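Input: a single structure, listed below in structure tokens.
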Amino acid sequence: MSARRAATIAAAVVATIIAVGALLFVPLSIAVGKPQNALVEAALVVVCVWFVARVMRADRRARLAREAALPPERRPQRRQPRRPITFQLKETLITFAVWFVLIFTFNALALDPFVNAGVTVFAGFMLATLTVTGRHMMFRLTAEEDD
């Protein structure tokens, strides 16, 4: 790796860190009543994102040009992307219903029914999301790859 490319990568990393920091300070500035600070921080986020996007695009163009100059047998093989994960509405609704019943029954002994309904909806949603997502991730990680 050349010194120039290393400096470019380091500058992109620093710009990303600055952008994340500025993004985190925007709500703080609004909360403490400093909207002018929030505007400066938002502008800083935009500038940093623009810089990182420009640097990364240029780096990708240069890498693809170097690869195109190689003979076909020496070019790196491109991996075929997997199918995208699709949202299973029926599976999610059934999972939510199961979690809802379990949580509502468990909390019925200790909570007011109105409070229990609110807590149960939130907890059922979160647990159903984790269950369905975890199941899909597990099957994608353990799926057989077609070579």
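Every chain in the structure tokens has a letter given in the order shown (A, B, ...), and although residue numbers restart at 1 in each chain, ligands are simply numbered from 1 in the order shown.
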
Taking only C-alpha atoms into account, produce a table as JSON lines in which each residue of region 43-64 of chain A with an atom at most 9 Å from an atom of region 5-14 of chain A appears once, together with its shortest atom pair and the distance in Å to one decimal, ordered by chain and rising number.
{"residue": "A:Cys48", "atom": "CA", "partner": "A:Ala12", "partner_atom": "CA", "distance": 8.4}
{"residue": "A:Phe51", "atom": "CA", "partner": "A:Ala12", "partner_atom": "CA", "distance": 7.4}
{"residue": "A:Val52", "atom": "CA", "partner": "A:Ala12", "partner_atom": "CA", "distance": 5.3}
{"residue": "A:Ala53", "atom": "CA", "partner": "A:Ala12", "partner_atom": "CA", "distance": 8.8}
{"residue": "A:Val55", "atom": "CA", "partner": "A:Ala12", "partner_atom": "CA", "distance": 7.0}
{"residue": "A:Met56", "atom": "CA", "partner": "A:Ala12", "partner_atom": "CA", "distance": 8.0}
{"residue": "A:Asp59", "atom": "CA", "partner": "A:Arg5", "partner_atom": "CA", "distance": 8.3}

Residue set, chain A restricted to alpha helix (DSSP H), as number ranges by chain: A: 3-31, 35-69, 89-107, 113-142

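The space separating CA of Arg57 (chain A) from CA of Ala43 (chain A) comes to 21.1 Å.
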
Identify, on the basis of only C-alpha atoms, every residue whose closest approach to Gly124 (chain A) does not exceed 6 Å; exclude the query and any residue fewer than 4 positions from it along the same chain; express the result as a PDB file with C-alpha atoms, in the first residue's frame.
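That gives us out-v9.pdb:
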ATOM      1  CA  PHE A  96     -45.747 -11.673  17.783  1.00  0.00           C
ATOM      2  CA  TRP A  99     -44.945 -13.611  22.537  1.00  0.00           C
ATOM      3  CA  PHE A 100     -47.929 -11.325  23.257  1.00  0.00           C
ATOM      4  CA  THR A 120     -46.889  -6.368  26.242  1.00  0.00           C
ATOM      5  CA  ALA A 128     -40.800 -11.117  17.752  1.00  0.00           C
TER       6      ALA A 128
END
